[in-house]
$ cat coords-v4.cif   # mmCIF, C-alpha atoms
data_work
loop_
_atom_site.label_atom_id
_atom_site.label_comp_id
_atom_site.auth_asym_id
_atom_site.auth_seq_id
_atom_site.Cartn_x
_atom_site.Cartn_y
_atom_site.Cartn_z
CA MET E 258 201.11 250.74 107.96
CA THR E 259 201.62 251.64 104.29
CA THR E 260 200.79 255.21 103.31
CA ILE E 261 198.58 255.16 100.21
CA LYS E 262 200.15 258.00 98.27
CA ASP E 263 201.84 258.26 94.87
CA THR E 264 205.53 259.17 95.12
CA PRO E 265 208.02 260.54 92.56
CA GLU E 266 210.58 258.01 91.27
CA GLU E 267 212.69 257.75 88.15
CA TRP E 268 214.43 254.62 86.94
CA GLU E 269 217.67 254.82 84.98
CA ILE E 270 217.37 255.54 81.27
CA ARG E 271 220.21 254.17 79.12
CA ALA E 272 219.11 255.84 75.87
CA THR E 273 216.25 257.90 74.49
CA GLU E 274 215.00 259.02 71.10
CA THR E 275 212.00 260.90 69.70
CA PRO E 276 210.86 259.15 66.49
CA PHE E 277 207.82 261.41 66.03
CA VAL E 278 207.24 265.11 66.72
CA GLY E 279 203.75 266.49 66.13
CA ASN E 280 202.12 269.89 66.42
CA LYS E 281 201.34 269.62 70.14
CA THR E 282 202.68 266.24 71.24
CA SER E 283 205.47 263.82 70.39
CA VAL E 284 206.38 260.17 70.88
CA ARG E 285 209.48 259.20 72.86
CA THR E 286 211.25 255.85 73.22
CA ASP E 287 213.28 255.32 76.40
CA GLU E 288 215.52 252.32 77.15
CA VAL E 289 214.72 251.83 80.85
CA VAL E 290 216.67 249.70 83.33
CA MET E 291 214.34 247.28 85.15
CA PRO E 292 214.81 246.15 88.79
CA ASP E 293 216.47 242.90 87.62
CA GLY E 294 219.01 244.84 85.51
CA SER E 295 217.43 244.15 82.14
CA VAL E 296 216.83 247.02 79.74
CA VAL E 297 213.40 247.41 78.16
CA GLY E 298 212.10 249.89 75.58
CA ARG E 299 209.16 252.03 76.62
CA ASP E 300 207.23 254.13 74.05
CA TYR E 301 205.02 256.95 75.28
CA GLN E 302 203.41 260.18 74.19
CA VAL E 303 204.99 263.38 75.50
CA HIS E 304 202.20 265.83 76.32
CA PRO E 305 202.23 269.45 77.59
CA GLY E 306 199.45 268.83 80.11
CA SER E 307 195.85 269.98 80.31
CA VAL E 308 193.27 271.68 82.47
CA GLY E 309 189.56 270.99 82.81
CA VAL E 310 186.81 273.08 84.38
CA LEU E 311 183.79 271.64 86.16
CA ALA E 312 181.63 274.78 86.20
CA LEU E 313 178.73 274.45 88.65
CA ASP E 314 175.90 276.97 88.45
CA ALA E 315 173.57 278.20 91.20
CA GLU E 316 170.97 275.54 90.29
CA GLY E 317 173.47 272.72 90.79
CA ARG E 318 173.93 272.09 87.07
CA VAL E 319 177.25 271.39 85.34
CA LEU E 320 178.15 273.33 82.20
CA LEU E 321 178.90 270.92 79.35
CA ILE E 322 180.06 271.13 75.78
CA ARG E 323 179.65 268.50 73.07
CA GLN E 324 182.10 268.00 70.24
CA TYR E 325 183.45 265.40 67.83
CA ARG E 326 186.54 263.42 68.89
CA HIS E 327 188.06 261.78 65.85
CA PRO E 328 190.39 259.18 67.47
CA VAL E 329 187.42 257.44 69.15
CA ARG E 330 184.82 258.36 66.48
CA GLN E 331 182.46 259.80 69.09
CA ARG E 332 180.55 263.05 69.59
CA MET E 333 181.18 263.44 73.31
CA TRP E 334 179.80 265.50 76.16
CA GLU E 335 182.70 267.08 78.04
CA ILE E 336 183.56 269.82 80.49
CA PRO E 337 185.53 272.79 79.10
CA ALA E 338 189.20 271.84 78.85
CA GLY E 339 192.36 272.68 76.99
CA LEU E 340 196.10 272.24 76.65
CA LEU E 341 198.76 274.01 78.68
CA ASP E 342 200.27 275.44 75.51
CA VAL E 343 202.85 277.67 77.21
CA PRO E 344 205.58 275.96 79.32
CA GLY E 345 205.20 276.96 82.96
CA GLU E 346 201.79 278.52 82.33
CA ASN E 347 199.68 279.06 85.43
CA PRO E 348 196.98 276.35 85.17
CA LEU E 349 194.34 278.57 86.78
CA HIS E 350 194.83 281.21 84.10
CA ALA E 351 194.59 278.52 81.42
CA ALA E 352 191.37 277.17 82.95
CA GLN E 353 189.83 280.63 83.09
CA ARG E 354 190.74 281.13 79.45
CA GLU E 355 189.19 277.82 78.40
CA LEU E 356 185.95 278.56 80.26
CA TYR E 357 185.73 281.90 78.48
CA GLU E 358 186.64 280.60 75.03
CA GLU E 359 184.49 277.48 75.05
CA ALA E 360 181.46 278.69 77.03
CA HIS E 361 181.75 282.52 77.24
CA VAL E 362 181.42 282.21 81.02
CA LYS E 363 183.44 283.54 83.94
CA ALA E 364 183.52 282.37 87.58
CA GLU E 365 184.28 284.12 90.85
CA ASP E 366 185.14 281.07 92.98
CA TRP E 367 187.83 278.61 91.87
CA ARG E 368 189.13 275.48 93.64
CA VAL E 369 191.25 272.50 92.65
CA LEU E 370 188.93 269.50 92.36
CA THR E 371 191.50 266.83 91.48
CA ASP E 372 194.76 266.10 89.63
CA VAL E 373 195.11 263.02 87.44
CA TYR E 374 197.37 261.23 84.95
CA PRO E 375 194.68 259.90 82.54
CA THR E 376 196.88 257.28 80.81
CA ALA E 377 200.07 256.95 82.85
CA GLY E 378 201.04 253.70 81.11
CA GLY E 379 201.44 255.34 77.73
CA CYS E 380 201.41 259.14 78.07
CA ASP E 381 202.90 261.66 80.49
CA GLU E 382 199.87 263.98 80.28
CA ALA E 383 198.89 265.49 83.63
CA VAL E 384 195.44 267.06 84.03
CA ARG E 385 194.26 269.46 86.72
CA ILE E 386 190.48 269.68 87.05
CA PHE E 387 189.12 272.83 88.65
CA LEU E 388 185.78 273.49 90.28
CA ALA E 389 184.38 276.87 89.20
CA ARG E 390 181.38 278.46 90.97
CA ASN E 391 179.54 281.77 91.05
CA LEU E 392 179.16 281.79 87.29
CA SER E 393 178.14 284.68 85.07
CA GLU E 394 178.16 285.55 81.39
CA ALA E 395 181.55 286.80 80.24
CA GLU E 396 181.85 290.31 78.89
CA GLY E 397 182.91 291.24 75.37
CA GLU E 398 182.60 289.37 72.10
CA ARG E 399 182.52 285.60 71.95
CA PHE E 400 185.77 283.83 71.11
CA GLU E 401 185.91 282.79 67.45
CA VAL E 402 186.10 278.97 67.37
CA GLU E 403 187.43 276.77 64.58
CA ASP E 404 187.79 273.12 63.49
CA GLU E 405 185.86 270.68 65.75
CA GLU E 406 184.89 273.51 68.09
CA SER E 407 182.91 275.24 65.33
CA ASP E 408 180.29 272.48 65.66
CA MET E 409 180.16 272.62 69.47
CA GLU E 410 176.93 272.31 71.47
CA HIS E 411 176.32 273.56 75.02
CA ALA E 412 174.13 272.32 77.88
CA ARG E 413 173.70 272.65 81.65
CA VAL E 414 172.91 269.31 83.27
CA PRO E 415 172.06 268.36 86.88
CA VAL E 416 174.80 266.46 88.70
CA ASP E 417 172.55 263.47 89.47
CA GLU E 418 171.79 263.03 85.78
CA LEU E 419 175.50 263.04 84.95
CA VAL E 420 176.29 260.47 87.65
CA ARG E 421 173.58 258.21 86.21
CA GLY E 422 175.06 258.64 82.72
CA VAL E 423 178.57 257.84 83.90
CA LEU E 424 177.53 254.67 85.71
CA ALA E 425 175.33 253.60 82.80
CA GLY E 426 178.29 253.80 80.41
CA GLU E 427 176.74 256.66 78.43
CA LEU E 428 179.35 259.33 79.24
CA HIS E 429 183.04 258.59 78.66
CA ASN E 430 185.09 261.78 78.72
CA ASN E 431 187.81 261.38 81.33
CA CYS E 432 187.61 264.91 82.75
CA LEU E 433 183.82 264.75 82.94
CA VAL E 434 183.76 261.36 84.65
CA VAL E 435 186.53 262.15 87.14
CA GLY E 436 185.25 265.67 87.75
CA VAL E 437 181.63 264.74 88.42
CA LEU E 438 182.43 261.78 90.68
CA SER E 439 185.03 263.86 92.56
CA LEU E 440 182.43 266.61 93.02
CA VAL E 441 179.95 264.17 94.56
CA ALA E 442 182.65 262.70 96.82
CA ALA E 443 183.72 266.18 97.97
CA GLU E 444 180.14 267.19 98.73
CA LYS E 445 179.63 264.05 100.82
CA GLY E 446 182.99 264.50 102.53
CA ASP E 447 184.36 267.72 103.99
CA GLY E 448 182.43 269.95 101.57
CA LEU E 449 183.42 271.98 98.52
CA ASP E 450 184.92 274.81 100.55
CA ALA E 451 187.49 272.35 101.94
CA LEU E 452 188.93 271.67 98.48
CA ARG E 453 192.46 272.86 97.74
CA PRO E 454 192.88 276.52 96.73
CA ALA E 455 193.05 277.30 93.02
CA GLU E 456 196.76 278.15 93.22
CA ALA E 457 197.74 274.91 95.01
CA SER E 458 201.12 273.55 93.94
CA TRP E 459 201.15 270.96 91.16
CA PRO E 460 204.44 269.03 91.07
CA ALA E 461 203.41 267.29 87.82
CA ARG E 462 203.40 270.65 86.00
CA PRO E 463 205.25 273.27 88.06
CA PHE E 464 204.14 276.87 87.49
CA GLU E 465 204.62 280.39 88.79
CA ALA E 466 201.71 281.95 90.67
#
$ encode --input "coords-v4.cif" --output "structure tokens"
Amino acid sequence: MTTIKDTPEEWEIRATETPFVGNKTSVRTDEVVMPDGSVVGRDYQVHPGSVGVLALDAEGRVLLIRQYRHPVRQRMWEIPAGLLDVPGENPLHAAQRELYEEAHVKAEDWRVLTDVYPTAGGCDEAVRIFLARNLSEAEGERFEVEDEESDMEHARVPVDELVRGVLAGELHNNCLVVGVLSLVAAEKGDGLDALRPAEASWPARPFEA
């Protein structure tokens, strides 16, 4: 019986170049050897990785933010998320920072909800989505936001309403969609306390605890 599990594998690369280097990401072209021996060019975005936080309050509502996303020309509802700016950064620490900066909230209970490659065919971005519970207002001054985040809105929305919005095609943010549906699946399965611990290993983006 076949085990349904993704496995690491790397095909031979004959040559590689980086025709574009941006502020946070770059584009790489690899000449990859195919199974039949042919060599094919593959272009993809090189990305540092990201974290997302599905913050669930005591009333069963998910903390959301809304901001403009220029590439898709949409003002989107999302869960707090951000880049892993520092190589080897602990993803839990990054998630805690993003929850504070974007929502001025802290959480006492953290679990790994799911790990995904959002666009594996064209980008090496890996995203870890955390579940955060036992929420409270963060102490100290609010983080000073800029650019798109300066126009950010906040809301707390019941899970059932978000599921309806996802299935109706009204909510499109990858982390929100994957996070909410994973939350529902976990609740109907072994329960939220059975989720992986917050410091679970993440081969896609290795880190030090």
$ resolve_selection --input "coords-v4.cif" --expression "the PyMOL selection byres ((chain E and resi 462) around 8)" --output "JSON, numbers by chain"
{"E": [306, 345, 383, 459, 460, 461, 463, 464]}
$ closest_residue --input "coords-v4.cif" --among "E:Leu370, E:Met333, E:Val384, E:Ala364" --to "Leu428 of chain E" --atoms "all atoms listed in the file"
E:Met333
$ residues_around --input "coords-v4.cif" --residues "segment 353-358 of chain E" --least-positions-apart "2" --cutoff "10 Å" --atoms "all atoms listed in the file" --output "VMD selection string"
chain E and resid 308 to 312 320 336 to 340 348 to 351 360 to 364 367 387 389 394 to 396 399 to 402
$ write_last_selection --input "coords-v4.cif" --atoms "C-alpha atoms" --output "mmCIF file, keeping the file's coordinate frame"
data_model
loop_
_atom_site.group_PDB
_atom_site.id
_atom_site.type_symbol
_atom_site.label_atom_id
_atom_site.label_comp_id
_atom_site.auth_asym_id
_atom_site.auth_seq_id
_atom_site.Cartn_x
_atom_site.Cartn_y
_atom_site.Cartn_z
ATOM 1 C CA VAL E 308 193.270 271.680 82.470
ATOM 2 C CA GLY E 309 189.560 270.990 82.810
ATOM 3 C CA VAL E 310 186.810 273.080 84.380
ATOM 4 C CA LEU E 311 183.790 271.640 86.160
ATOM 5 C CA ALA E 312 181.630 274.780 86.200
ATOM 6 C CA LEU E 320 178.150 273.330 82.200
ATOM 7 C CA ILE E 336 183.560 269.820 80.490
ATOM 8 C CA PRO E 337 185.530 272.790 79.100
ATOM 9 C CA ALA E 338 189.200 271.840 78.850
ATOM 10 C CA GLY E 339 192.360 272.680 76.990
ATOM 11 C CA LEU E 340 196.100 272.240 76.650
ATOM 12 C CA PRO E 348 196.980 276.350 85.170
ATOM 13 C CA LEU E 349 194.340 278.570 86.780
ATOM 14 C CA HIS E 350 194.830 281.210 84.100
ATOM 15 C CA ALA E 351 194.590 278.520 81.420
ATOM 16 C CA ALA E 360 181.460 278.690 77.030
ATOM 17 C CA HIS E 361 181.750 282.520 77.240
ATOM 18 C CA VAL E 362 181.420 282.210 81.020
ATOM 19 C CA LYS E 363 183.440 283.540 83.940
ATOM 20 C CA ALA E 364 183.520 282.370 87.580
ATOM 21 C CA TRP E 367 187.830 278.610 91.870
ATOM 22 C CA PHE E 387 189.120 272.830 88.650
ATOM 23 C CA ALA E 389 184.380 276.870 89.200
ATOM 24 C CA GLU E 394 178.160 285.550 81.390
ATOM 25 C CA ALA E 395 181.550 286.800 80.240
ATOM 26 C CA GLU E 396 181.850 290.310 78.890
ATOM 27 C CA ARG E 399 182.520 285.600 71.950
ATOM 28 C CA PHE E 400 185.770 283.830 71.110
ATOM 29 C CA GLU E 401 185.910 282.790 67.450
ATOM 30 C CA VAL E 402 186.100 278.970 67.370
#
$ closest_residue --input "coords-v4.cif" --among "E:Val303, E:Ala315, E:Val284, E:Met291" --to "Arg413 of chain E" --atoms "all atoms listed in the file"
E:Ala315
$ atom_distance --input "coords-v4.cif" --atom1 "atom CA of Leu433 of chain E" --atom2 "atom CA of Arg318 of chain E"
13.0 Å
$ atom_distance --input "coords-v4.cif" --atom1 "atom CA of Val278 of chain E" --atom2 "atom CA of Gln302 of chain E"
9.7 Å
$ atom_distance --input "coords-v4.cif" --atom1 "atom CA of Ser307 of chain E" --atom2 "atom CA of Leu341 of chain E"
5.2 Å
$ resolve_selection --input "coords-v4.cif" --expression "the PyMOL selection byres ((chain E and resi 290) around 8)" --output "MDAnalysis selection string"
chainID E and resid 268:271 288:289 291:292 294:297
$ residues_around --input "coords-v4.cif" --residues "Arg453 of chain E" --least-positions-apart "5" --cutoff "9 Å" --atoms "only C-alpha atoms" --output "number ranges by chain"
E: 368-371
$ closest_residue --input "coords-v4.cif" --among "E:Gly397, E:Pro276, E:Pro415, E:Gly378" --to "Leu313 of chain E" --atoms "all atoms listed in the file"
E:Pro415
$ closest_residue --input "coords-v4.cif" --among "E:Asn391, E:Gln331, E:Ser458, E:Asn347" --to "Glu427 of chain E" --atoms "only C-alpha atoms"
E:Gln331
$ residues_around --input "coords-v4.cif" --residues "Ala443 of chain E" --least-positions-apart "4" --cutoff "12 Å" --atoms "only C-alpha atoms" --output "list in words"
Arg368, Val369, Leu370, Thr371, Leu388, Val435, Gly436, Val437, Leu438, Ser439, Asp447, Gly448, Leu449, Asp450, Ala451, Leu452 and Arg453 of chain E
$ closest_residue --input "coords-v4.cif" --among "E:Thr275, E:Met258, E:Asn430, E:Val373" --to "Tyr325 of chain E" --atoms "only C-alpha atoms"
E:Asn430
$ closest_residue --input "coords-v4.cif" --among "E:His411, E:Arg285, E:Lys262, E:Arg421" --to "Gln324 of chain E" --atoms "only C-alpha atoms"
E:His411
$ residues_around --input "coords-v4.cif" --residues "His304 of chain E" --least-positions-apart "2" --cutoff "8 Å" --atoms "only C-alpha atoms" --output "number ranges by chain"
E: 281-283, 302, 306, 380-382
$ write_last_selection --input "coords-v4.cif" --atoms "C-alpha atoms" --output "compact mmCIF listing (two decimals), keeping the file's coordinate frame"
# COMPACT_ATOMS: atom_id res chain seq x y z
CA LYS E 281 201.34 269.62 70.14
CA THR E 282 202.68 266.24 71.24
CA SER E 283 205.47 263.82 70.39
CA GLN E 302 203.41 260.18 74.19
CA GLY E 306 199.45 268.83 80.11
CA CYS E 380 201.41 259.14 78.07
CA ASP E 381 202.90 261.66 80.49
CA GLU E 382 199.87 263.98 80.28
